[in-house]
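Colleague: Input data.txt, format and content: compact mmCIF, C-alpha atoms and all ligand atoms.
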# COMPACT_ATOMS: atom_id res chain seq x y z
CA MET A 30 0.00 0.00 0.00
CA LYS A 31 1.15 3.58 -0.72
CA LEU A 32 1.18 5.34 2.63
CA TRP A 33 2.06 8.89 3.64
CA VAL A 34 3.06 9.11 7.28
CA GLY A 35 3.68 12.19 9.38
CA SER A 36 3.96 13.27 12.98
CA ASP A 37 4.60 16.22 15.22
CA HIS A 38 7.27 16.15 17.93
CA GLY A 39 4.94 14.18 20.25
CA GLY A 40 4.68 11.35 17.75
CA PHE A 41 8.16 11.59 16.27
CA LYS A 42 9.85 8.64 18.01
CA SER A 43 6.95 6.29 17.38
CA LYS A 44 6.66 7.49 13.78
CA GLU A 45 10.30 6.56 13.14
CA LYS A 46 9.66 3.02 14.37
CA LEU A 47 6.36 2.69 12.52
CA VAL A 48 7.85 3.85 9.21
CA GLY A 49 10.67 1.30 9.52
CA VAL A 50 8.27 -1.56 10.16
CA LEU A 51 5.85 -0.57 7.38
CA ARG A 52 8.71 -0.42 4.88
CA GLN A 53 10.02 -3.81 6.05
CA GLU A 54 6.54 -5.19 5.49
CA GLY A 55 6.54 -4.04 1.86
CA HIS A 56 4.59 -0.80 1.95
CA THR A 57 5.69 2.23 -0.04
CA VAL A 58 6.00 4.85 2.67
CA THR A 59 6.51 8.57 2.22
CA ASP A 60 7.70 10.00 5.53
CA ILE A 61 6.99 13.72 5.51
CA GLY A 62 8.42 14.40 8.99
CA THR A 63 8.74 15.87 11.43
CA PHE A 64 12.31 14.67 11.84
CA SER A 65 13.16 15.66 15.41
CA GLU A 66 11.62 16.26 18.82
CA GLU A 67 11.72 20.01 18.32
CA SER A 68 8.30 21.51 18.95
CA MET A 69 6.21 22.08 15.83
CA ASP A 70 2.55 22.51 14.84
CA TYR A 71 0.69 19.29 13.98
CA PRO A 72 -1.87 20.90 11.60
CA ASP A 73 0.96 21.60 9.12
CA ILE A 74 1.74 17.88 8.88
CA ALA A 75 -1.93 16.85 8.89
CA LYS A 76 -2.57 19.10 5.89
CA LEU A 77 0.28 17.61 3.82
CA VAL A 78 -0.71 14.00 4.49
CA CYS A 79 -4.39 14.67 3.84
CA LEU A 80 -3.68 16.45 0.56
CA ALA A 81 -1.66 13.42 -0.55
CA VAL A 82 -4.62 11.16 0.25
CA THR A 83 -7.26 13.31 -1.44
CA GLY A 84 -4.90 13.96 -4.37
CA LYS A 85 -4.39 10.19 -4.72
CA LYS A 86 -0.62 10.31 -4.21
CA ALA A 87 -1.28 8.05 -1.23
CA ASP A 88 -3.79 5.24 -0.74
CA ARG A 89 -4.04 6.19 2.93
CA GLY A 90 -2.33 8.35 5.55
CA ILE A 91 -1.11 7.85 9.09
CA LEU A 92 -0.69 10.75 11.51
CA LEU A 93 0.88 10.68 14.95
CA CYS A 94 0.91 13.33 17.65
CA GLY A 95 0.94 13.02 21.42
CA THR A 96 -2.60 11.71 21.66
CA GLY A 97 -3.76 11.42 18.04
CA ILE A 98 -6.55 13.85 18.89
CA GLY A 99 -5.09 17.08 17.50
CA MET A 100 -4.14 15.35 14.26
CA SER A 101 -7.63 13.91 13.89
CA ILE A 102 -9.33 17.25 14.51
CA ALA A 103 -7.10 18.91 11.91
CA ALA A 104 -7.42 16.09 9.37
CA ASN A 105 -11.20 15.96 9.60
CA LYS A 106 -11.39 19.60 8.51
CA MET A 107 -10.13 18.50 5.09
CA LYS A 108 -12.65 17.60 2.39
CA GLY A 109 -12.63 13.89 1.59
CA ILE A 110 -10.85 12.86 4.77
CA ARG A 111 -12.22 10.43 7.30
CA ALA A 112 -9.63 10.39 10.07
CA ALA A 113 -9.99 8.06 13.05
CA VAL A 114 -8.17 8.04 16.38
CA VAL A 115 -7.79 4.42 17.46
CA TRP A 116 -6.45 2.94 20.67
CA ASN A 117 -7.03 -0.81 20.51
CA LYS A 118 -7.59 -3.57 17.96
CA PRO A 119 -11.40 -3.29 17.78
CA THR A 120 -11.28 0.47 17.11
CA ALA A 121 -8.49 0.01 14.53
CA SER A 122 -10.44 -2.68 12.73
CA LEU A 123 -13.82 -0.93 12.84
CA ALA A 124 -12.31 2.36 11.63
CA ALA A 125 -11.58 0.55 8.35
CA ARG A 126 -14.50 -1.90 8.23
CA HIS A 127 -17.32 0.52 9.12
CA ASN A 128 -15.97 4.08 8.83
CA LYS A 129 -13.73 3.60 5.77
CA ALA A 130 -11.18 5.78 7.55
CA ASN A 131 -8.58 6.91 5.04
CA VAL A 132 -6.38 8.46 7.71
CA LEU A 133 -5.31 6.75 10.92
CA CYS A 134 -4.41 8.88 13.95
CA LEU A 135 -2.24 7.46 16.70
CA GLY A 136 -1.03 8.81 20.02
CA GLY A 137 2.72 8.49 20.46
CA ARG A 138 2.52 9.51 24.11
CA VAL A 139 -0.36 7.26 25.09
CA LEU A 140 0.41 4.06 23.17
CA LYS A 141 3.53 1.89 23.26
CA PRO A 142 5.31 1.79 19.89
CA SER A 143 4.64 -1.95 19.60
CA THR A 144 0.93 -1.33 20.21
CA LEU A 145 0.51 1.43 17.67
CA ILE A 146 2.44 -0.57 15.08
CA GLU A 147 0.03 -3.46 15.57
CA LEU A 148 -2.96 -1.10 15.33
CA ALA A 149 -1.66 0.26 12.02
CA ARG A 150 -1.33 -3.32 10.74
CA VAL A 151 -4.89 -4.16 11.77
CA TRP A 152 -6.27 -1.02 10.11
CA ILE A 153 -4.33 -1.66 6.88
CA ARG A 154 -5.50 -5.27 6.67
CA SER A 155 -9.17 -4.67 7.50
CA PRO A 156 -11.42 -4.31 4.43
CA PHE A 157 -14.33 -1.87 4.20
CA GLU A 158 -17.51 -3.91 4.68
CA ARG A 159 -19.71 -1.88 2.31
CA GLY A 160 -23.45 -2.68 2.73
CA ARG A 161 -25.18 -0.22 5.05
CA HIS A 162 -21.88 1.58 5.63
CA VAL A 163 -21.82 2.90 2.05
CA ARG A 164 -24.99 4.88 2.77
CA ARG A 165 -23.56 6.21 6.02
CA ILE A 166 -20.32 7.29 4.37
CA SER A 167 -22.38 9.09 1.69
CA LYS A 168 -24.21 10.94 4.45
CA ILE A 169 -20.89 11.96 6.00
CA THR A 170 -19.72 13.23 2.61
CA ALA A 171 -22.95 15.21 2.27
CA LEU A 172 -22.05 17.05 5.48
CA GLU A 173 -19.11 18.65 3.71
CA THR A 174 -20.48 22.08 2.88
CA LYS A 175 -17.51 23.77 1.33
CA LYS A 176 -14.06 23.02 -0.01
CA ARG A 177 -11.25 23.62 2.45
CA GLY A 178 -7.65 23.97 1.32
C1 LIG B 201 2.03 18.57 21.58
O1 LIG B 201 2.49 18.98 22.81
C2 LIG B 201 0.66 17.92 21.70
O2 LIG B 201 -0.29 18.87 22.02
C3 LIG B 201 0.32 17.21 20.42
O3 LIG B 201 1.30 16.25 20.14
C4 LIG B 201 -0.99 16.46 20.36
O4 LIG B 201 -1.10 15.55 21.40
C5 LIG B 201 -2.20 17.26 20.19
O5 LIG B 201 -3.31 16.75 20.12
For this file, produce the structure as structure tokens.
Ligand code: RB5
Modeller:
Amino acid sequence: MKLWVGSDHGGFKSKEKLVGVLRQEGHTVTDIGTFSEESMDYPDIAKLVCLAVTGKKADRGILLCGTGIGMSIAANKMKGIRAAVVWNKPTASLAARHNKANVLCLGGRVLKPSTLIELARVWIRSPFERGRHVRRISKITALETKKRG
């Protein structure tokens, strides 16, 4: 899968580990930073990853900050993005199967690296279940009232 991955300083260390594992497992990963623990603003990274997803440069995106929450709030402002914060295997799986989340948000300060790596794997491997969820996704899309850049 073509993945764009980014983090702020709070997710930096976990992002480094996650990118390494995803590459080892055969994914094509674009790591857009950040590349240190120096403080930076997570919406800047969220925007770049989301534009890659909506512009079809990436199949999906993964964003890490301290909690995953700031990244998800920022990402969900972008047209065409369904970003999900997940914290265990059921939420990671359901984010893909029911919500068709195209961006995964993970908390580098609240999850162990091994845990968030496993959650990314679960999300990547879980197929969208279609059926009644197609209608619900359409209704989410209909809530988008204007294009945001
Ligand atoms: C940065 O200190 C922290 O606020 C950020 O990583 C994230 O957790 C925000 O939601």
Colleague: Would you mind listing the residues within 6 Å of ligand LIG 201 (chain B), counting all atoms listed in the file, as an MDAnalysis selection string?
Modeller: chainID A and resid 37 39 94:99
Colleague: For Tyr71 in chain A, work out the shell of residues within 12 Å, counting only C-alpha atoms and skipping chain neighbours fewer than 3 positions away, then give it as a PyMOL selection string.
Modeller: chain A and resi 35-41+61-63+67-68+74-78+92-104+134
Colleague: Write the residues you've just listed into a file as a compact mmCIF listing (two decimals), in the coordinates of the input, and include C-alpha atoms for each of them.
Modeller:
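The file below, again_11.txt, is the result:
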# COMPACT_ATOMS: atom_id res chain seq x y z
CA GLY A 35 3.68 12.19 9.38
CA SER A 36 3.96 13.27 12.98
CA ASP A 37 4.60 16.22 15.22
CA HIS A 38 7.27 16.15 17.93
CA GLY A 39 4.94 14.18 20.25
CA GLY A 40 4.68 11.35 17.75
CA PHE A 41 8.16 11.59 16.27
CA ILE A 61 6.99 13.72 5.51
CA GLY A 62 8.42 14.40 8.99
CA THR A 63 8.74 15.87 11.43
CA GLU A 67 11.72 20.01 18.32
CA SER A 68 8.30 21.51 18.95
CA ILE A 74 1.74 17.88 8.88
CA ALA A 75 -1.93 16.85 8.89
CA LYS A 76 -2.57 19.10 5.89
CA LEU A 77 0.28 17.61 3.82
CA VAL A 78 -0.71 14.00 4.49
CA LEU A 92 -0.69 10.75 11.51
CA LEU A 93 0.88 10.68 14.95
CA CYS A 94 0.91 13.33 17.65
CA GLY A 95 0.94 13.02 21.42
CA THR A 96 -2.60 11.71 21.66
CA GLY A 97 -3.76 11.42 18.04
CA ILE A 98 -6.55 13.85 18.89
CA GLY A 99 -5.09 17.08 17.50
CA MET A 100 -4.14 15.35 14.26
CA SER A 101 -7.63 13.91 13.89
CA ILE A 102 -9.33 17.25 14.51
CA ALA A 103 -7.10 18.91 11.91
CA ALA A 104 -7.42 16.09 9.37
CA CYS A 134 -4.41 8.88 13.95
Colleague: What gap, in Å, lies between CA of Gly160 in chain A and CA of Arg126 in chain A?
Modeller: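 Taking CA of Gly160 in chain A and CA of Arg126 in chain A, their separation equals 10.5 Å.
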Colleague: Could you please determine the separation between CA of Ala113 in chain A and CA of Val151 in chain A in Å, to one decimal place?
Modeller: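 CA of Ala113 in chain A sits 13.3 Å away from CA of Val151 in chain A.
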Colleague: Using all atoms listed in the file, which of A:Pro72, A:Gly55, A:Pro156, A:Gly137 sits nearest Lys106 in chain A?
Modeller: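 Using all atoms listed in the file, the shortest distance to Lys106 in chain A belongs to A:Pro72.
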Colleague: Report, in Å with one decimal, the straight-line distance from CA of His56 in chain A to CA of Lys31 in chain A.
Modeller: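 If I compute the distance from CA of His56 in chain A to CA of Lys31 in chain A, I get 6.2 Å.
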Colleague: Could you name the residues that touch Val50 in chain A at 8 Å or less, counting all atoms listed in the file, but leaving out those on the same chain fewer than 4 positions away, as a PyMOL selection string?
Modeller: chain A and resi 46+54+146
Colleague: May I have the residues at most 10 Å from (-7.1, 14.6, 3.2) in the file's coordinates, counting only C-alpha atoms, as JSON, numbers by chain?
Modeller: {"A": [75, 76, 77, 78, 79, 80, 81, 82, 83, 84, 85, 87, 89, 90, 103, 104, 105, 106, 107, 108, 109, 110, 111, 112, 131, 132, 177, 178]}
